[in-house]
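Asks: This is entry26.txt (compact mmCIF, C-alpha atoms (C1' of nucleotides)).
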```txt
# COMPACT_ATOMS: atom_id res chain seq x y z
CA MET X 8 9.69 22.37 20.33
CA SER X 9 5.94 22.90 20.56
CA ALA X 10 3.09 22.21 18.17
CA GLU X 11 2.81 25.96 17.58
CA ASN X 12 6.44 25.85 16.63
CA TRP X 13 5.66 23.27 13.95
CA LEU X 14 2.97 25.54 12.57
CA GLN X 15 5.46 28.40 12.62
CA GLN X 16 7.94 26.33 10.63
CA LEU X 17 5.30 25.49 8.07
CA GLN X 18 4.55 29.16 7.66
CA ASP X 19 8.22 30.13 7.60
CA ASN X 20 8.66 27.78 4.69
CA GLY X 21 5.93 29.39 2.66
CA TYR X 22 3.11 27.05 3.56
CA ARG X 23 -0.22 28.47 4.64
CA LEU X 24 -1.81 27.74 7.97
CA THR X 25 -5.19 26.10 7.68
CA ALA X 26 -7.59 24.40 10.03
CA ALA X 27 -6.84 21.09 8.33
CA ARG X 28 -3.11 21.42 8.90
CA ARG X 29 -3.59 22.53 12.48
CA ALA X 30 -5.62 19.41 13.21
CA VAL X 31 -3.00 17.13 11.69
CA VAL X 32 -0.09 18.88 13.40
CA PHE X 33 -1.68 18.77 16.84
CA THR X 34 -2.57 15.12 16.36
CA VAL X 35 0.85 13.90 15.32
CA TYR X 36 2.67 16.19 17.72
CA GLY X 37 0.58 14.96 20.60
CA SER X 38 1.16 11.27 20.02
CA THR X 39 3.86 9.17 21.62
CA HIS X 40 3.15 6.35 19.19
CA ALA X 41 3.81 6.09 15.50
CA LEU X 42 0.51 6.68 13.69
CA THR X 43 -0.60 5.50 10.27
CA PRO X 44 -2.19 8.08 7.96
CA ALA X 45 -5.57 6.50 8.63
CA GLN X 46 -5.07 6.79 12.38
CA VAL X 47 -4.04 10.41 12.02
CA TYR X 48 -7.16 10.96 9.94
CA ASP X 49 -9.47 9.40 12.52
CA THR X 50 -7.96 11.33 15.38
CA ALA X 51 -7.57 14.67 13.63
CA ARG X 52 -11.14 14.55 12.39
CA LYS X 53 -12.27 14.84 16.00
CA LYS X 54 -10.72 18.29 15.97
CA TYR X 55 -11.76 19.22 12.45
CA ARG X 56 -14.63 17.18 10.99
CA ALA X 57 -14.33 18.33 7.39
CA LEU X 58 -10.77 17.04 7.11
CA GLY X 59 -10.05 14.81 4.15
CA LEU X 60 -7.71 11.83 4.15
CA VAL X 61 -5.89 13.22 1.14
CA THR X 62 -4.97 16.30 3.13
CA VAL X 63 -3.55 14.11 5.87
CA TYR X 64 -1.22 12.48 3.36
CA ARG X 65 -0.20 15.84 1.99
CA THR X 66 0.43 17.39 5.38
CA LEU X 67 2.45 14.42 6.61
CA GLU X 68 4.53 14.76 3.47
CA LYS X 69 5.34 18.37 4.32
CA LEU X 70 6.08 17.66 7.97
CA GLU X 71 8.45 14.93 6.91
CA GLU X 72 10.11 17.27 4.44
CA LEU X 73 10.76 19.69 7.31
CA HIS X 74 12.10 16.79 9.42
CA LEU X 75 9.44 17.42 12.03
CA ILE X 76 8.22 13.86 11.77
CA GLN X 77 9.94 10.65 10.89
CA ARG X 78 8.69 7.86 8.70
CA VAL X 79 8.77 4.50 10.37
CA HIS X 80 8.06 1.02 9.04
CA GLN X 81 5.55 -1.20 10.74
CA PRO X 82 5.82 -4.98 10.52
CA LEU X 83 2.41 -5.25 8.91
CA GLY X 84 0.64 -2.34 7.30
CA CYS X 85 3.85 -0.36 7.06
CA GLN X 86 4.11 3.36 6.84
CA ALA X 87 3.57 5.19 10.08
CA PHE X 88 4.84 8.52 11.33
CA ILE X 89 6.08 9.84 14.61
CA ALA X 90 7.42 13.15 15.89
CA ALA X 91 11.13 13.38 15.19
CA GLY X 92 13.93 14.95 17.19
CA ILE X 93 12.76 13.83 20.59
CA GLY X 94 16.08 13.77 22.38
CA HIS X 95 19.29 13.03 20.59
CA GLN X 96 18.67 10.28 18.12
CA HIS X 97 21.06 7.87 16.51
CA LEU X 98 20.09 6.08 13.38
CA LEU X 99 21.42 2.81 12.04
CA LEU X 100 20.51 2.15 8.46
CA CYS X 101 21.23 -1.01 6.52
CA LYS X 102 21.84 -0.06 2.91
CA GLN X 103 21.18 -3.58 1.71
CA CYS X 104 17.85 -4.37 3.27
CA GLY X 105 16.77 -0.84 4.06
CA GLN X 106 16.01 -1.45 7.67
CA VAL X 107 16.62 1.25 10.20
CA GLU X 108 16.89 1.34 13.93
CA PHE X 109 17.31 4.41 16.02
CA PHE X 110 18.19 4.94 19.59
CA GLU X 111 18.11 7.82 21.98
CA GLY X 112 21.00 8.54 24.23
CA ASP X 113 24.28 10.30 24.15
CA ASP X 114 27.14 7.90 24.34
CA LEU X 115 26.32 5.43 21.64
CA ASP X 116 29.07 6.46 19.28
CA ALA X 117 31.51 3.94 20.65
CA LEU X 118 28.78 1.36 20.44
CA THR X 119 27.92 2.02 16.82
CA HIS X 120 31.55 1.95 15.86
CA SER X 121 31.88 -1.30 17.65
CA ILE X 122 28.91 -2.70 15.78
CA ALA X 123 30.36 -1.51 12.52
CA ARG X 124 33.65 -3.17 13.26
CA LYS X 125 32.13 -6.44 14.31
CA THR X 126 29.43 -6.84 11.73
CA GLY X 127 30.63 -5.04 8.68
CA TYR X 128 27.69 -2.64 8.82
CA GLN X 129 28.74 0.86 7.97
CA ILE X 130 27.42 3.77 9.94
CA GLN X 131 25.79 5.82 7.24
CA GLU X 132 23.85 8.39 9.14
CA HIS X 133 23.90 9.69 12.57
CA MET B 21 20.73 -25.74 4.62
CA SER B 22 20.17 -26.17 0.89
CA ALA B 23 17.32 -25.26 -1.43
CA GLU B 24 16.44 -28.95 -1.62
CA ASN B 25 16.22 -28.88 2.12
CA TRP B 26 13.62 -26.10 1.91
CA LEU B 27 11.59 -28.23 -0.49
CA GLN B 28 11.92 -31.14 1.90
CA GLN B 29 10.61 -29.01 4.75
CA LEU B 30 7.65 -27.93 2.68
CA GLN B 31 6.84 -31.56 1.98
CA ASP B 32 7.43 -32.62 5.59
CA ASN B 33 4.83 -30.09 6.59
CA GLY B 34 2.20 -31.49 4.31
CA TYR B 35 2.71 -29.15 1.38
CA ARG B 36 3.02 -30.56 -2.11
CA LEU B 37 6.03 -30.01 -4.31
CA THR B 38 5.19 -28.25 -7.55
CA ALA B 39 7.15 -26.65 -10.35
CA ALA B 40 5.86 -23.25 -9.24
CA ARG B 41 7.10 -23.73 -5.70
CA ARG B 42 10.45 -25.05 -6.87
CA ALA B 43 10.98 -21.94 -8.98
CA VAL B 44 10.15 -19.63 -6.08
CA VAL B 45 12.28 -21.57 -3.60
CA PHE B 46 15.34 -21.63 -5.82
CA THR B 47 14.95 -17.94 -6.55
CA VAL B 48 14.68 -16.74 -2.99
CA TYR B 49 17.21 -19.23 -1.69
CA GLY B 50 19.73 -18.13 -4.28
CA SER B 51 19.50 -14.42 -3.58
CA THR B 52 21.73 -12.48 -1.24
CA HIS B 53 19.40 -9.49 -1.45
CA ALA B 54 15.95 -9.03 -0.06
CA LEU B 55 13.48 -9.41 -2.93
CA THR B 56 10.00 -8.00 -3.34
CA PRO B 57 7.25 -10.37 -4.45
CA ALA B 58 7.37 -8.77 -7.89
CA GLN B 59 11.11 -9.30 -8.13
CA VAL B 60 10.72 -12.92 -7.10
CA TYR B 61 8.04 -13.27 -9.75
CA ASP B 62 10.23 -11.83 -12.51
CA THR B 63 13.20 -13.98 -11.61
CA ALA B 64 11.33 -17.20 -10.92
CA ARG B 65 9.43 -16.93 -14.18
CA LYS B 66 12.73 -17.41 -15.99
CA LYS B 67 12.77 -20.88 -14.52
CA TYR B 68 9.05 -21.56 -14.86
CA ARG B 69 7.22 -19.37 -17.37
CA ALA B 70 3.68 -20.29 -16.38
CA LEU B 71 4.18 -19.06 -12.82
CA GLY B 72 1.56 -16.66 -11.50
CA LEU B 73 2.21 -13.74 -9.18
CA VAL B 74 -0.47 -14.99 -6.84
CA THR B 75 1.44 -18.20 -6.34
CA VAL B 76 4.55 -16.23 -5.46
CA TYR B 77 2.65 -14.51 -2.67
CA ARG B 78 1.27 -17.80 -1.43
CA THR B 79 4.62 -19.58 -1.50
CA LEU B 80 6.41 -16.73 0.28
CA GLU B 81 3.73 -16.93 2.93
CA LYS B 82 4.47 -20.59 3.53
CA LEU B 83 8.23 -20.15 3.54
CA GLU B 84 7.84 -17.41 6.11
CA GLU B 85 5.59 -19.62 8.19
CA LEU B 86 8.36 -22.23 8.25
CA HIS B 87 10.89 -19.52 9.16
CA LEU B 88 12.89 -20.25 6.03
CA ILE B 89 12.64 -16.65 4.92
CA GLN B 90 12.34 -13.44 6.80
CA ARG B 91 10.14 -10.48 6.03
CA VAL B 92 11.99 -7.23 5.84
CA HIS B 93 10.77 -3.67 5.48
CA GLN B 94 12.06 -1.44 2.73
CA PRO B 95 12.09 2.33 3.12
CA LEU B 96 9.85 2.78 0.13
CA GLY B 97 7.77 0.01 -1.37
CA CYS B 98 8.05 -2.06 1.78
CA GLN B 99 7.68 -5.77 2.00
CA ALA B 100 10.66 -7.76 0.79
CA PHE B 101 11.89 -11.21 1.73
CA ILE B 102 15.27 -12.78 2.28
CA ALA B 103 16.55 -16.18 3.29
CA ALA B 104 16.63 -16.49 7.05
CA GLY B 105 19.14 -18.23 9.25
CA ILE B 106 22.21 -17.36 7.25
CA GLY B 107 24.80 -17.51 9.96
CA HIS B 108 23.88 -16.68 13.51
CA GLN B 109 21.50 -13.78 13.49
CA HIS B 110 20.64 -11.35 16.21
CA LEU B 111 17.46 -9.38 16.03
CA LEU B 112 16.66 -6.08 17.69
CA LEU B 113 13.00 -5.23 17.67
CA CYS B 114 11.42 -2.04 18.90
CA LYS B 115 8.01 -2.90 20.29
CA GLN B 116 6.80 0.65 20.00
CA CYS B 117 7.55 1.49 16.43
CA GLY B 118 7.93 -2.02 15.10
CA GLN B 119 11.31 -1.48 13.56
CA VAL B 120 13.78 -4.30 13.48
CA GLU B 121 17.47 -4.56 12.88
CA PHE B 122 19.43 -7.75 12.72
CA PHE B 123 23.10 -8.46 12.73
CA GLU B 124 25.24 -11.44 12.01
CA GLY B 125 28.10 -12.38 14.22
CA ASP B 126 28.70 -14.23 17.40
CA ASP B 127 29.68 -11.93 20.17
CA LEU B 128 26.94 -9.33 20.09
CA ASP B 129 25.29 -10.39 23.30
CA ALA B 130 27.35 -8.05 25.41
CA LEU B 131 26.57 -5.33 22.90
CA THR B 132 22.82 -5.81 22.94
CA HIS B 133 22.79 -5.88 26.71
CA SER B 134 24.78 -2.74 26.68
CA ILE B 135 22.34 -1.13 24.30
CA ALA B 136 19.45 -2.23 26.43
CA ARG B 137 21.05 -0.76 29.50
CA LYS B 138 21.87 2.54 27.88
CA THR B 139 18.73 3.18 25.92
CA GLY B 140 15.97 1.45 27.76
CA TYR B 141 15.25 -0.76 24.78
CA GLN B 142 14.48 -4.26 25.87
CA ILE B 143 15.93 -7.18 23.99
CA GLN B 144 12.80 -9.05 22.97
CA GLU B 145 14.07 -11.62 20.55
CA HIS B 146 17.34 -13.09 19.76
C1' DT Q 5 -10.78 46.47 5.40
C1' DA Q 6 -11.33 44.84 0.74
C1' DC Q 7 -9.12 42.68 -3.11
C1' DA Q 8 -6.55 39.64 -5.90
C1' DA Q 9 -3.27 36.07 -6.64
C1' DT Q 10 -2.61 31.60 -5.73
C1' DA Q 11 -1.98 27.77 -2.32
C1' DT Q 12 -4.99 24.49 -0.37
C1' DT Q 13 -8.98 21.87 -0.03
C1' DG Q 14 -12.07 17.49 -0.34
C1' DA Q 15 -14.31 14.38 -3.61
C1' DA Q 16 -13.85 11.37 -7.10
C1' DA Q 17 -11.11 8.89 -10.21
C1' DA Q 18 -6.81 6.55 -11.06
C1' DT Q 19 -3.18 3.69 -9.74
C1' DG Q 20 -0.59 -0.10 -7.66
C1' DA Q 21 0.04 -3.77 -4.50
C1' DT Q 22 -2.06 -7.53 -2.27
C1' DT Q 23 -5.95 -10.81 -1.39
C1' DT Q 24 -9.96 -13.51 -2.53
C1' DT Q 25 -12.74 -16.36 -5.50
C1' DC Q 26 -13.23 -20.12 -8.51
C1' DA Q 27 -13.10 -23.71 -11.86
C1' DA Q 28 -9.37 -26.45 -13.96
C1' DT Q 29 -5.33 -29.10 -13.01
C1' DA Q 30 -1.77 -31.80 -10.82
C1' DA Q 31 0.42 -34.24 -6.71
C1' DG Q 32 0.82 -38.12 -4.24
C1' DG Q 33 -1.23 -41.89 -1.38
C1' DA Q 34 -3.97 -46.15 -2.04
C1' DT J 10 -3.84 -46.35 -12.40
C1' DC J 11 -7.28 -43.95 -9.86
C1' DC J 12 -9.13 -40.83 -6.49
C1' DT J 13 -8.97 -37.34 -3.19
C1' DT J 14 -7.84 -32.93 -2.46
C1' DA J 15 -4.11 -29.33 -2.47
C1' DT J 16 -2.57 -26.13 -5.79
C1' DT J 17 -2.83 -23.45 -9.74
C1' DG J 18 -3.41 -18.97 -12.63
C1' DA J 19 -6.82 -15.58 -14.19
C1' DA J 20 -10.00 -12.40 -13.02
C1' DA J 21 -12.33 -9.81 -9.68
C1' DA J 22 -12.21 -7.62 -5.28
C1' DT J 23 -10.02 -4.99 -1.84
C1' DC J 24 -7.13 -1.63 0.27
C1' DA J 25 -3.74 2.06 0.61
C1' DT J 26 -1.92 5.82 -1.77
C1' DT J 27 -1.70 9.33 -5.55
C1' DT J 28 -3.52 12.32 -9.05
C1' DT J 29 -6.90 15.40 -11.02
C1' DC J 30 -9.87 19.19 -10.65
C1' DA J 31 -13.04 22.81 -9.65
C1' DA J 32 -14.37 25.28 -5.40
C1' DT J 33 -12.57 27.67 -1.43
C1' DA J 34 -9.59 29.95 1.92
C1' DT J 35 -5.22 32.25 3.11
C1' DT J 36 -2.28 35.95 3.00
C1' DG J 37 0.22 39.90 1.01
C1' DT J 38 -0.96 44.36 -0.80
C1' DA J 39 -3.49 48.46 -1.49
```
Output the file's structure in the form of structure tokens.

Replies:
Amino acid sequence: MSAENWLQQLQDNGYRLTAARRAVVFTVYGSTHALTPAQVYDTARKKYRALGLVTVYRTLEKLEELHLIQRVHQPLGCQAFIAAGIGHQHLLLCKQCGQVEFFEGDDLDALTHSIARKTGYQIQEH
Amino acid sequence: MSAENWLQQLQDNGYRLTAARRAVVFTVYGSTHALTPAQVYDTARKKYRALGLVTVYRTLEKLEELHLIQRVHQPLGCQAFIAAGIGHQHLLLCKQCGQVEFFEGDDLDALTHSIARKTGYQIQEH
DNA sequence: TACAATATTGAAAATGATTTTCAATAAGGA
DNA sequence: TCCTTATTGAAAATCATTTTCAATATTGTA
């Protein structure tokens, strides 16, 4: 999955391709770290100066909707985003406190079941 | 560990005992769910009407400092708190994205090691 | 290629949560 | 009881996010 592919998916879903969106897509796609909207803004503005912060928020919203990025919660400022679907991801979600944890790897099913058995957590999503 | 014990710890650490703090302590201590500052405010004000939201923030801050409560990240509004140290808790923390997950139970050590081995996550805290 | 319909834009204003400031008050040691 | 000083709540300030809106740019169609 390439950055161009993300743009293609935006277009396929009826969204227009603009310089602003390209800048945001290439920024988030190219990062290995979770980025806050402000960080995306700062970085993407190096590619496209006229970019507005509002547009960053709106584009991230759409990328999340298409499951191209994943929302992640930081200990402090909260709310950061990172490219989704890198590898095969497993997600543990606590329905009570809302915390999530996800792992990459292929043979974690037994593990998650084990955790569910031992702790009472239910595996809600996978 | 009782609510009175929390008050004692506040006092032992040089903090004064006030009606406002008592209301906050009893509220958070008595909840099995993670509560947002606003929720703590609403509930605690039933015990002590004159309570201010600002004081809730300040008291939560101190309780967290003393490790009596734990900050937890909600999917949406973020920032909620829950009593810490209920049972024997294990905490998984991802240093990259900042997400945490904690479990109760006693025999998860083997599990966390296993997870660490399989996923490359390092067990940072316990 | 030119046009027209309309999605998208950035700026500014609005909102909502959290933090800071400050003068009045209350806790707790002497 | 008195005195020092930590704590208080209200209001103002700050910061992130969302909404509003008129100007602009994209894309399908001719």

Asks: Could you please determine the separation between atom CA of B:Tyr68 and atom CA of B:Val45 in Å, to one decimal place?

Replies: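 Atom-to-atom, atom CA of B:Tyr68 to atom CA of B:Val45, that is 11.7 Å.
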
Asks: For atom CA of B:Leu73 and atom CA of B:Gln90, determine how far apart the two atoms are, in Å to one decimal place.

Replies: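 That distance, rounded to one decimal, is 18.9 Å.
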
Asks: What is the distance between atom CA of X:Thr34 and atom CA of X:Ala51, in Å to one decimal?

Replies: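 Going from atom CA of X:Thr34 over to atom CA of X:Ala51, I get 5.7 Å.
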
Asks: Listing only residues of chain B within 9 Å of chain Q, what is the closest atom pair and its distance in Å (to one decimal) for each, using only C-alpha atoms (C1' of nucleotides), sorted by chain and residue number ascending, as CSV?

Replies:
```
residue,atom,partner,partner_atom,distance
B:Arg36,CA,Q:DA31,C1',6.4
B:Leu37,CA,Q:DA31,C1',7.4
B:Thr38,CA,Q:DA31,C1',7.7
B:Val74,CA,Q:DT23,C1',8.8
B:Tyr77,CA,Q:DT22,C1',8.4
```

Asks: Quick one: which chain J residues come within 8 Å of chain B, and what is the nearest atom pair for each with the distance in Å to one decimal, counting all atoms listed in the file, rows ordered by chain and ascending number, as CSV?

Replies:
```
residue,atom,partner,partner_atom,distance
J:DA15,C1',B:Arg36,CA,7.2
J:DT17,C1',B:Thr75,CA,7.6
J:DG18,C1',B:Gly72,CA,5.6
```

Asks: Between B:Ala39, B:Leu88, B:Ala23, B:Leu55, which has the minimum distance to chain X (counting all atoms listed in the file)?

Replies: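 The shortest atom-to-atom distance to chain X comes from B:Leu55.
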
Asks: For chain B, which residue out of X:Leu70, X:Val63, X:Ala41, X:Arg56 is the nearest one, using all atoms listed in the file?

Replies: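 Between X:Leu70, X:Val63, X:Ala41, X:Arg56, the residue approaching chain B most closely is X:Ala41.
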